[in-house]
file structure32.cif (mmCIF, C-alpha atoms and all ligand atoms)
data_data
loop_
_atom_site.label_atom_id
_atom_site.label_comp_id
_atom_site.auth_asym_id
_atom_site.auth_seq_id
_atom_site.Cartn_x
_atom_site.Cartn_y
_atom_site.Cartn_z
CA MET K 24 -18.23 -12.92 12.13
CA GLN K 25 -14.92 -11.92 10.62
CA ARG K 26 -13.49 -12.47 7.17
CA PHE K 27 -10.02 -13.20 5.77
CA THR K 28 -9.68 -12.87 1.99
CA LEU K 29 -6.68 -13.22 -0.29
CA PRO K 30 -6.16 -13.83 -4.02
CA ARG K 31 -7.00 -17.37 -5.12
CA ASP K 32 -3.46 -17.91 -6.44
CA LEU K 33 -0.06 -16.40 -5.84
CA TYR K 34 2.74 -17.20 -8.28
CA PHE K 35 6.19 -16.16 -7.11
CA GLY K 36 9.87 -16.76 -7.66
CA GLU K 37 12.04 -16.67 -10.73
CA ASN K 38 10.09 -16.79 -14.01
CA ALA K 39 6.74 -16.48 -12.23
CA LEU K 40 5.57 -14.55 -15.31
CA ASP K 41 5.59 -17.88 -17.16
CA TYR K 42 2.28 -18.65 -15.45
CA LEU K 43 0.73 -16.46 -18.15
CA LYS K 44 1.65 -19.06 -20.79
CA THR K 45 -0.96 -21.36 -19.28
CA LEU K 46 -3.74 -18.79 -18.89
CA GLU K 47 -7.13 -19.94 -20.17
CA GLY K 48 -9.28 -17.39 -21.96
CA THR K 49 -9.61 -15.42 -25.19
CA LYS K 50 -8.93 -11.73 -24.55
CA ALA K 51 -6.88 -9.73 -22.05
CA VAL K 52 -6.37 -6.05 -21.38
CA LEU K 53 -2.88 -5.19 -20.10
CA VAL K 54 -2.81 -2.02 -17.96
CA LEU K 55 0.58 -0.32 -17.56
CA GLY K 56 2.16 2.79 -16.05
CA GLY K 57 4.75 5.16 -17.44
CA GLY K 58 7.10 2.92 -19.40
CA SER K 59 9.69 1.34 -17.10
CA MET K 60 8.14 -2.11 -17.55
CA ARG K 61 8.48 -1.72 -21.32
CA ARG K 62 12.05 -0.40 -21.02
CA PHE K 63 13.15 -3.36 -18.91
CA GLY K 64 11.58 -5.87 -21.32
CA PHE K 65 8.78 -7.10 -19.06
CA VAL K 66 5.98 -5.96 -21.39
CA ASP K 67 7.48 -8.00 -24.25
CA LYS K 68 7.79 -10.98 -21.95
CA VAL K 69 4.13 -10.75 -20.89
CA LEU K 70 2.96 -10.29 -24.52
CA GLU K 71 5.05 -13.27 -25.63
CA ASN K 72 3.59 -15.44 -22.85
CA LEU K 73 0.02 -14.41 -23.66
CA LYS K 74 0.68 -15.20 -27.32
CA CYS K 75 1.70 -18.73 -26.26
CA ALA K 76 -1.66 -18.95 -24.47
CA ASN K 77 -3.48 -17.78 -27.64
CA ILE K 78 -4.87 -14.73 -25.90
CA GLU K 79 -5.58 -11.55 -27.85
CA VAL K 80 -4.25 -8.46 -26.00
CA GLN K 81 -5.24 -4.81 -25.88
CA LEU K 82 -2.90 -2.37 -24.08
CA ILE K 83 -3.87 0.50 -21.80
CA GLU K 84 -0.62 2.42 -21.27
CA ASN K 85 0.63 5.50 -19.45
CA VAL K 86 -1.53 5.36 -16.32
CA GLU K 87 -0.22 8.37 -14.35
CA PRO K 88 0.98 8.34 -10.71
CA ASP K 89 -2.09 8.95 -8.47
CA PRO K 90 -4.45 7.86 -11.29
CA SER K 91 -7.41 10.08 -12.14
CA VAL K 92 -11.13 9.47 -12.51
CA GLU K 93 -10.75 10.28 -16.24
CA THR K 94 -8.07 7.61 -16.73
CA VAL K 95 -10.31 5.07 -15.01
CA MET K 96 -13.37 5.95 -17.09
CA ALA K 97 -11.42 5.95 -20.37
CA GLY K 98 -9.97 2.53 -19.50
CA ALA K 99 -13.39 1.12 -18.55
CA LYS K 100 -14.83 2.35 -21.87
CA LEU K 101 -12.02 0.70 -23.81
CA MET K 102 -12.65 -2.52 -21.89
CA SER K 103 -16.38 -2.37 -22.74
CA GLU K 104 -15.49 -2.13 -26.45
CA PHE K 105 -12.87 -4.90 -26.36
CA ASN K 106 -14.63 -7.27 -23.93
CA PRO K 107 -11.68 -8.92 -22.16
CA ASP K 108 -12.08 -11.96 -19.91
CA TRP K 109 -8.82 -11.09 -18.13
CA ILE K 110 -7.61 -7.76 -16.79
CA ILE K 111 -3.86 -7.82 -16.20
CA ALA K 112 -2.23 -4.87 -14.43
CA MET K 113 1.55 -4.59 -14.19
CA GLY K 114 3.77 -1.96 -12.54
CA GLY K 115 3.68 0.12 -9.36
CA GLY K 116 0.61 0.79 -7.25
CA SER K 117 -0.87 3.30 -9.70
CA PRO K 118 -1.59 1.15 -12.78
CA ILE K 119 -2.82 -1.70 -10.57
CA ASP K 120 -5.13 0.59 -8.55
CA ALA K 121 -6.41 2.22 -11.76
CA ALA K 122 -7.07 -1.19 -13.32
CA LYS K 123 -9.04 -2.30 -10.23
CA ALA K 124 -11.34 0.72 -10.60
CA MET K 125 -11.61 0.22 -14.40
CA TRP K 126 -12.70 -3.35 -13.66
CA VAL K 127 -15.58 -2.11 -11.48
CA PHE K 128 -16.87 0.26 -14.19
CA TYR K 129 -16.32 -2.31 -16.95
CA GLU K 130 -18.54 -4.77 -15.09
CA HIS K 131 -20.99 -2.08 -13.91
CA PRO K 132 -21.03 0.80 -16.42
CA THR K 133 -23.82 2.64 -14.61
CA ALA K 134 -22.06 2.66 -11.19
CA THR K 135 -20.68 5.98 -9.86
CA PHE K 136 -17.71 6.83 -7.64
CA GLU K 137 -20.14 8.20 -5.04
CA GLU K 138 -21.77 4.76 -4.84
CA ILE K 139 -18.62 2.66 -4.72
CA CYS K 140 -16.67 4.82 -2.28
CA VAL K 141 -18.85 3.41 0.52
CA PRO K 142 -16.50 0.72 1.95
CA PHE K 143 -17.43 -2.91 1.41
CA SER K 144 -20.56 -2.14 -0.61
CA PHE K 145 -19.43 -3.07 -4.13
CA PRO K 146 -21.62 -4.86 -6.66
CA LYS K 147 -20.39 -8.34 -7.62
CA LEU K 148 -17.48 -8.50 -10.06
CA ARG K 149 -16.19 -11.45 -12.17
CA ASN K 150 -19.26 -11.63 -14.40
CA LYS K 151 -17.10 -10.44 -17.29
CA ALA K 152 -13.45 -10.74 -16.26
CA LYS K 153 -10.97 -11.90 -13.67
CA PHE K 154 -7.97 -9.89 -12.48
CA ILE K 155 -4.21 -10.52 -12.40
CA ALA K 156 -1.86 -8.10 -10.62
CA ILE K 157 1.89 -8.05 -11.25
CA PRO K 158 3.71 -5.60 -8.92
CA SER K 159 7.05 -3.99 -9.78
CA THR K 160 7.49 -2.17 -6.46
CA SER K 161 7.72 -3.65 -2.96
CA GLY K 162 5.39 -1.65 -0.74
CA THR K 163 1.75 -0.97 -1.50
CA ALA K 164 0.99 -4.70 -1.90
CA THR K 165 -2.04 -3.74 -3.99
CA GLU K 166 -1.58 -7.12 -5.74
CA VAL K 167 -3.14 -8.80 -2.70
CA THR K 168 -5.30 -6.07 -1.15
CA ALA K 169 -8.94 -5.03 -1.32
CA PHE K 170 -7.99 -1.37 -1.87
CA ALA K 171 -7.41 1.18 -4.60
CA VAL K 172 -7.05 4.96 -4.49
CA ILE K 173 -8.32 7.13 -7.35
CA THR K 174 -7.94 10.93 -7.46
CA ASP K 175 -10.63 13.34 -8.64
CA TYR K 176 -8.46 16.27 -9.73
CA ALA K 177 -11.49 18.50 -10.41
CA THR K 178 -12.51 18.47 -6.74
CA GLY K 179 -9.18 17.44 -5.14
CA VAL K 180 -10.91 14.42 -3.57
CA LYS K 181 -9.11 11.09 -3.24
CA TRP K 182 -11.59 8.22 -3.53
CA PRO K 183 -10.42 5.34 -1.36
CA LEU K 184 -12.03 2.21 -2.80
CA ALA K 185 -12.25 -0.73 -0.40
CA ASP K 186 -13.97 -4.05 -1.01
CA PHE K 187 -12.88 -7.69 -1.18
CA GLU K 188 -14.49 -7.78 -4.66
CA ILE K 189 -11.41 -5.93 -5.97
CA THR K 190 -8.92 -8.26 -4.28
CA PRO K 191 -7.16 -9.68 -7.37
CA ASP K 192 -7.78 -13.30 -8.41
CA VAL K 193 -4.11 -13.92 -9.13
CA ALA K 194 -0.96 -12.14 -7.93
CA ILE K 195 2.30 -12.74 -9.77
CA VAL K 196 5.11 -11.73 -7.42
CA ASP K 197 8.15 -12.09 -9.64
CA PRO K 198 11.30 -10.73 -7.92
CA SER K 199 12.96 -9.76 -11.21
CA LEU K 200 10.50 -6.86 -11.58
CA ALA K 201 11.53 -5.42 -8.20
CA GLU K 202 15.18 -5.43 -9.26
CA THR K 203 14.48 -2.30 -11.32
CA MET K 204 13.44 -0.09 -8.37
CA PRO K 205 15.53 3.05 -7.68
CA ALA K 206 17.07 3.37 -4.18
CA LYS K 207 14.75 6.08 -2.87
CA LEU K 208 11.70 4.03 -3.86
CA ILE K 209 13.17 0.99 -2.09
CA ALA K 210 13.56 3.05 1.09
CA HIS K 211 10.09 4.62 1.01
CA THR K 212 8.15 1.52 -0.06
CA GLY K 213 10.06 -0.65 2.41
CA MET K 214 9.12 1.60 5.33
CA ASP K 215 5.54 1.72 4.00
CA ALA K 216 5.49 -2.08 4.19
CA LEU K 217 6.83 -1.97 7.78
CA THR K 218 4.07 0.50 8.68
CA HIS K 219 1.41 -1.74 7.09
CA ALA K 220 2.57 -4.69 9.18
CA VAL K 221 2.86 -2.76 12.46
CA GLU K 222 -0.53 -1.05 12.05
CA ALA K 223 -2.23 -4.33 11.07
CA TYR K 224 -0.69 -6.09 14.10
CA VAL K 225 -1.64 -3.51 16.74
CA GLY K 226 -4.98 -2.46 15.21
CA THR K 227 -8.38 -3.11 16.76
CA ILE K 228 -9.49 -5.77 14.26
CA HIS K 229 -6.30 -7.81 14.02
CA GLN K 230 -7.02 -11.52 13.59
CA PRO K 231 -5.36 -14.87 14.33
CA PHE K 232 -4.81 -15.14 10.56
CA THR K 233 -3.27 -11.70 10.06
CA ASP K 234 -0.98 -11.67 13.14
CA PRO K 235 1.61 -14.21 11.90
CA LEU K 236 1.79 -12.51 8.49
CA ALA K 237 2.29 -9.11 10.11
CA LEU K 238 4.98 -10.32 12.53
CA GLU K 239 6.91 -12.16 9.82
CA ALA K 240 6.71 -9.13 7.52
CA ILE K 241 8.14 -6.91 10.30
CA LYS K 242 10.99 -9.36 10.82
CA ILE K 243 11.76 -9.46 7.09
CA VAL K 244 11.88 -5.66 6.84
CA PHE K 245 14.20 -5.40 9.87
CA ASP K 246 16.43 -8.19 8.53
CA ARG K 247 16.49 -7.37 4.83
CA LEU K 248 15.54 -3.78 3.92
CA LYS K 249 18.99 -2.27 4.43
CA ALA K 250 20.65 -4.96 2.30
CA SER K 251 18.00 -4.53 -0.39
CA TYR K 252 18.62 -0.76 -0.31
CA ALA K 253 22.35 -1.44 -0.72
CA GLY K 254 21.67 -3.51 -3.86
CA ASP K 255 21.56 -7.11 -2.58
CA MET K 256 19.14 -8.83 -4.98
CA LYS K 257 18.39 -11.80 -2.70
CA ALA K 258 17.37 -9.29 -0.02
CA ARG K 259 15.31 -7.44 -2.67
CA GLU K 260 13.48 -10.70 -3.37
CA ASP K 261 12.85 -11.31 0.36
CA MET K 262 11.48 -7.77 0.70
CA HIS K 263 9.20 -8.34 -2.32
CA TYR K 264 7.62 -11.27 -0.47
CA GLY K 265 7.71 -9.54 2.92
CA GLN K 266 5.78 -6.51 1.68
CA CYS K 267 3.27 -8.91 0.13
CA MET K 268 2.77 -10.62 3.52
CA ALA K 269 2.27 -7.20 5.11
CA GLY K 270 -0.35 -6.55 2.42
CA MET K 271 -2.16 -9.81 3.21
CA ALA K 272 -2.28 -8.72 6.85
CA PHE K 273 -3.50 -5.16 6.37
CA SER K 274 -5.98 -5.98 3.62
CA ASN K 275 -7.85 -7.93 6.30
CA ALA K 276 -6.88 -6.15 9.55
CA LEU K 277 -6.80 -2.60 8.09
CA LEU K 278 -4.47 0.19 9.26
CA GLY K 279 -4.17 3.02 11.82
CA ILE K 280 -3.38 6.71 12.27
CA VAL K 281 0.13 6.62 10.78
CA HIS K 282 -1.67 6.13 7.48
CA SER K 283 -4.39 8.67 8.35
CA MET K 284 -1.68 11.28 9.01
CA ALA K 285 0.24 10.37 5.83
CA HIS K 286 -2.95 10.59 3.74
CA LYS K 287 -3.91 14.01 5.06
CA THR K 288 -0.43 15.61 5.09
CA GLY K 289 0.81 14.13 1.77
CA ALA K 290 -0.45 16.97 -0.40
CA ALA K 291 -1.16 19.58 2.28
CA PHE K 292 1.90 21.84 2.00
CA SER K 293 3.00 24.29 -0.69
CA THR K 294 6.62 23.09 -0.44
CA GLY K 295 5.70 19.87 -2.25
CA HIS K 296 4.31 16.40 -1.92
CA ILE K 297 5.50 14.14 0.94
CA PRO K 298 5.87 10.65 -0.61
CA HIS K 299 3.51 8.19 1.11
CA GLY K 300 6.16 5.80 2.43
CA CYS K 301 8.39 8.66 3.58
CA ALA K 302 5.52 10.23 5.55
CA ASN K 303 4.73 6.87 7.17
CA ALA K 304 8.38 6.33 8.06
CA ILE K 305 8.55 9.74 9.76
CA TYR K 306 5.29 9.32 11.73
CA LEU K 307 5.62 5.66 12.75
CA PRO K 308 7.85 6.06 15.87
CA TYR K 309 5.80 9.01 17.19
CA VAL K 310 2.54 7.07 16.76
CA ILE K 311 4.02 3.97 18.42
CA LYS K 312 4.87 6.08 21.47
CA TYR K 313 1.42 7.67 21.49
CA ASN K 314 -0.43 4.34 21.13
CA ALA K 315 1.83 2.59 23.64
CA LYS K 316 0.94 5.16 26.33
CA ALA K 317 -2.50 3.46 26.37
CA ASP K 318 -1.32 -0.13 25.90
CA ALA K 319 2.18 -1.34 25.02
CA THR K 320 1.44 -5.09 25.04
CA ARG K 321 1.20 -5.60 21.29
CA TYR K 322 4.39 -3.62 20.69
CA GLY K 323 6.06 -5.80 23.31
CA ASN K 324 5.05 -8.86 21.25
CA ILE K 325 6.53 -7.32 18.09
CA GLY K 326 9.81 -6.53 19.82
CA ARG K 327 10.14 -10.00 21.37
CA PHE K 328 9.38 -11.56 17.96
CA VAL K 329 12.36 -9.74 16.43
CA GLY K 330 14.64 -10.64 19.36
CA MET K 331 14.39 -7.66 21.69
CA VAL K 332 14.42 -8.26 25.46
CA GLY K 333 12.94 -6.31 28.35
CA ASP K 334 9.51 -5.24 29.52
CA ASP K 335 6.95 -3.74 27.12
CA ALA K 336 7.88 -0.13 27.92
CA SER K 337 11.56 -0.79 27.26
CA ILE K 338 10.72 -2.61 24.01
CA VAL K 339 8.70 0.38 22.80
CA GLU K 340 11.84 2.50 23.24
CA GLN K 341 13.99 -0.09 21.47
CA LEU K 342 11.50 -0.43 18.60
CA CYS K 343 11.36 3.34 18.05
CA ALA K 344 15.16 3.60 18.24
CA ARG K 345 15.42 0.85 15.61
CA ILE K 346 13.02 2.71 13.29
CA ASP K 347 14.90 6.01 13.83
CA GLU K 348 18.11 4.26 12.95
CA TYR K 349 16.54 2.77 9.81
CA ASN K 350 15.21 6.14 8.69
CA LEU K 351 18.65 7.67 9.19
CA SER K 352 20.43 5.01 7.16
CA LEU K 353 17.79 5.11 4.40
CA GLY K 354 18.02 8.89 3.98
CA ILE K 355 14.57 9.56 5.47
CA PRO K 356 14.22 12.73 7.61
CA ALA K 357 13.45 12.39 11.35
CA ASN K 358 10.69 15.00 11.35
CA LEU K 359 8.64 17.29 9.08
CA LYS K 360 10.82 20.32 9.76
CA GLU K 361 13.83 18.43 8.53
CA PHE K 362 11.78 17.30 5.51
CA GLY K 363 11.45 20.98 4.58
CA ILE K 364 7.90 21.93 5.59
CA GLU K 365 7.72 25.67 6.49
CA GLU K 366 7.02 26.32 10.17
CA ASN K 367 4.44 29.08 9.58
CA GLU K 368 2.53 27.03 7.07
CA PHE K 369 2.56 24.00 9.40
CA LEU K 370 1.25 26.00 12.36
CA GLU K 371 -1.42 27.61 10.21
CA LYS K 372 -2.68 24.27 8.88
CA VAL K 373 -2.17 21.80 11.74
CA SER K 374 -5.64 22.21 13.26
CA LYS K 375 -7.43 21.65 9.93
CA ILE K 376 -5.16 18.70 9.07
CA SER K 377 -5.91 17.19 12.50
CA THR K 378 -9.65 17.36 11.82
CA LEU K 379 -9.19 15.68 8.42
CA THR K 380 -6.91 13.03 9.94
CA LEU K 381 -9.51 12.10 12.55
CA GLY K 382 -12.02 11.59 9.73
CA ASP K 383 -9.69 9.41 7.62
CA ALA K 384 -10.83 5.85 6.83
CA CYS K 385 -7.81 4.40 8.70
CA THR K 386 -8.45 6.16 12.03
CA GLY K 387 -11.28 3.87 13.18
CA THR K 388 -9.03 0.81 13.59
CA ASN K 389 -6.19 2.57 15.43
CA PRO K 390 -5.72 1.02 18.90
CA ARG K 391 -6.05 4.40 20.65
CA THR K 392 -8.68 6.96 19.65
CA PRO K 393 -7.15 10.44 19.54
CA THR K 394 -8.98 13.66 20.39
CA HIS K 395 -8.49 16.70 18.17
CA GLU K 396 -6.19 18.23 20.79
CA GLU K 397 -4.08 15.07 20.94
CA MET K 398 -3.82 14.91 17.14
CA VAL K 399 -2.60 18.51 17.02
CA LYS K 400 0.00 17.67 19.68
CA LEU K 401 1.05 14.48 17.90
CA LEU K 402 1.52 16.22 14.55
CA THR K 403 3.42 19.00 16.33
CA CYS K 404 5.81 16.40 17.81
CA CYS K 405 6.24 14.97 14.28
CA TYR K 406 7.04 18.48 13.03
CA TYR K 407 9.67 19.46 15.61
CA GLY K 408 10.89 15.98 16.50
CA THR K 409 9.89 16.41 20.15
CA GLU K 410 9.06 13.66 22.63
CA VAL K 411 5.52 12.23 22.76
CA ASN K 412 4.55 12.25 26.44
CA PHE K 413 0.76 12.25 26.44
FE FE A 1 0.74 2.46 2.86
#
call {"tool": "encode", "arguments": {"input": "structure32.cif", "output": "structure tokens", "more": "lines below"}}
Ligand code: FE
result
Amino acid sequence: MQRFTLPRDLYFGENALDYLKTLEGTKAVLVLGGGSMRRFGFVDKVLENLKCANIEVQLIENVEPDPSVETVMAGAKLMSEFNPDWIIAMGGGSPIDAAKAMWVFYEHPTATFEEICVPFSFPKLRNKAKFIAIPSTSGTATEVTAFAVITDYATGVKWPLADFEITPDVAIVDPSLAETMPAKLIAHTGMDALTHAVEAYVGTIHQPFTDPLALEAIKIVFDRLKASYAGDMKAREDMHYGQCMAGMAFSNALLGIVHSMAHKTGAAFSTGHIPHGCANAIYLPYVIKYNAKADATRYGNIGRFVGMVGDDASIVEQLCARIDEYNLSLGIPANLKEFGIEENEFLEKVSKISTLTLGDACTGTNPRTPTHEEMVKLLTCCYYGTEVNF
């Protein structure tokens, strides 16, 4: 038996935030990030709409990027005191992910991270509150997914939370929020969305229900990301929906080793963090070539869907060339060396990183299962920009 789960409702398009005027309930907590939503007037808009609905609101502000266990626990405690029947999270991936975890501990104050980090083992939610997610970036798609990532800074552990219980009840995908994204974020989050769709489509548990969403999302990114990056707001809106479709696909079909590699290299080097979407964008063409050596059929389908012609092997080349060209025009480096990772440090750490990558939660659904030796070789190709021929 397989399962396909999405939010109950998706409100989108201009003035989608107006849905909040009709919300039924008495109390809501509004979880926010660093302040851009307030600066651009969206917080006032949400508060105004909730006032129309006669809902009392408590704010939880300043959720940091890569939210911490402490932030989650403090938010859950505040929720327990206030007793909301709605949790509304607005902003980038971080405040929405943090709010998902706060929700779990609000409903189950005695739960621990150790217990809930076992995938798909959550206790039932929605005994106290339902959840609304309002994304301001176009990439993580956390507004429709069953995932959240919380960082334990004391131990350096990232807790990946995964369960359909934390799939939001309502997603409000209002394109005006995405208009505020800076160019670099558009590039990185757009390529993250492309990676979500490709990995969901070729992965081992892809479904008849996720395939069309993944293919359409890939087409939208190829058609619209460059224009969105250049400032075209209609393209920005299309990308906001496209990344959401990619999210619907990967929330149910999961991901692959591009994400495993991005997770385990993101904070591995002393020269600085590699942004998630940027890491994915760099690794994606190398992983496509590696996976296609075993079976190129699914990549052939992707290429034909976006108008490429030729046999599967030729389409793999065309697909990778298209991604290389995108990275170039979006200011994303072609390899880790170009990104600025030191050669000595890379060589020293690549074996350990390969071990961690093989153990990542996303590795199990990759279409080809790498050995440790292959992972070292693959990461080495991603470092020097050399051809994947194994
Ligand atoms: Fe991602």
call {"tool": "residues_near_ligand", "arguments": {"input": "structure32.cif", "ligand": "ligand FE 1 (chain A)", "cutoff": "12 Å", "atoms": "all atoms listed in the file", "output": "PyMOL selection string"}}
result
chain K and resi 116+161-165+168+170-172+211-223+266-267+269-270+273-274+277-286+289+298-304+307+385
call {"tool": "closest_residue", "arguments": {"input": "structure32.cif", "among": "K:Thr233, K:Thr386, K:Asn38, K:Ser103", "to": "Asn72 in chain K", "atoms": "all atoms listed in the file"}}
result
K:Asn38
call {"tool": "axis_aligned_box", "arguments": {"input": "structure32.cif", "around": "range 47-55 of chain K", "padding_each_side": "3 Å", "output": "AutoDock Vina command-line options"}}
result
--center_x -4.5 --center_y -10.1 --center_z -21.4 --size_x 16.2 --size_y 25.6 --size_z 13.6
call {"tool": "atom_distance", "arguments": {"input": "structure32.cif", "atom1": "CA of Lys50 in chain K", "atom2": "CA of Val86 in chain K"}}
result
20.4 Å
call {"tool": "residues_around", "arguments": {"input": "structure32.cif", "residues": "Met102 in chain K", "least_positions_apart": "2", "cutoff": "9 Å", "atoms": "only C-alpha atoms", "output": "list in words"}}
result
Val52, Gln81, Ala97, Gly98, Ala99, Lys100, Glu104, Phe105, Asn106, Pro107, Ile110, Met125, Trp126 and Tyr129 of chain K
call {"tool": "atom_distance", "arguments": {"input": "structure32.cif", "atom1": "CA of Glu397 in chain K", "atom2": "CA of Lys372 in chain K"}}
result
15.2 Å
call {"tool": "residues_around", "arguments": {"input": "structure32.cif", "residues": "range 344-360 of chain K", "least_positions_apart": "4", "cutoff": "9 Å", "atoms": "all atoms listed in the file", "output": "list in words"}}
result
Ala206, Lys207, Ile209, Ala210, His211, Met214, Phe245, Leu248, Lys249, Tyr252, Cys301, Ala302, Ala304, Ile305, Tyr306, Leu307, Pro308, Val339, Glu340, Ile364, Glu365, Glu366, Cys404, Cys405, Tyr406, Tyr407, Gly408 and Thr409 of chain K
call {"tool": "atom_distance", "arguments": {"input": "structure32.cif", "atom1": "CA of Gly323 in chain K", "atom2": "CA of Ile311 in chain K"}}
result
11.1 Å
call {"tool": "closest_residue", "arguments": {"input": "structure32.cif", "among": "K:Pro118, K:Pro30, K:Gly36, K:Pro183", "to": "Arg259 in chain K", "atoms": "only C-alpha atoms"}}
result
K:Gly36
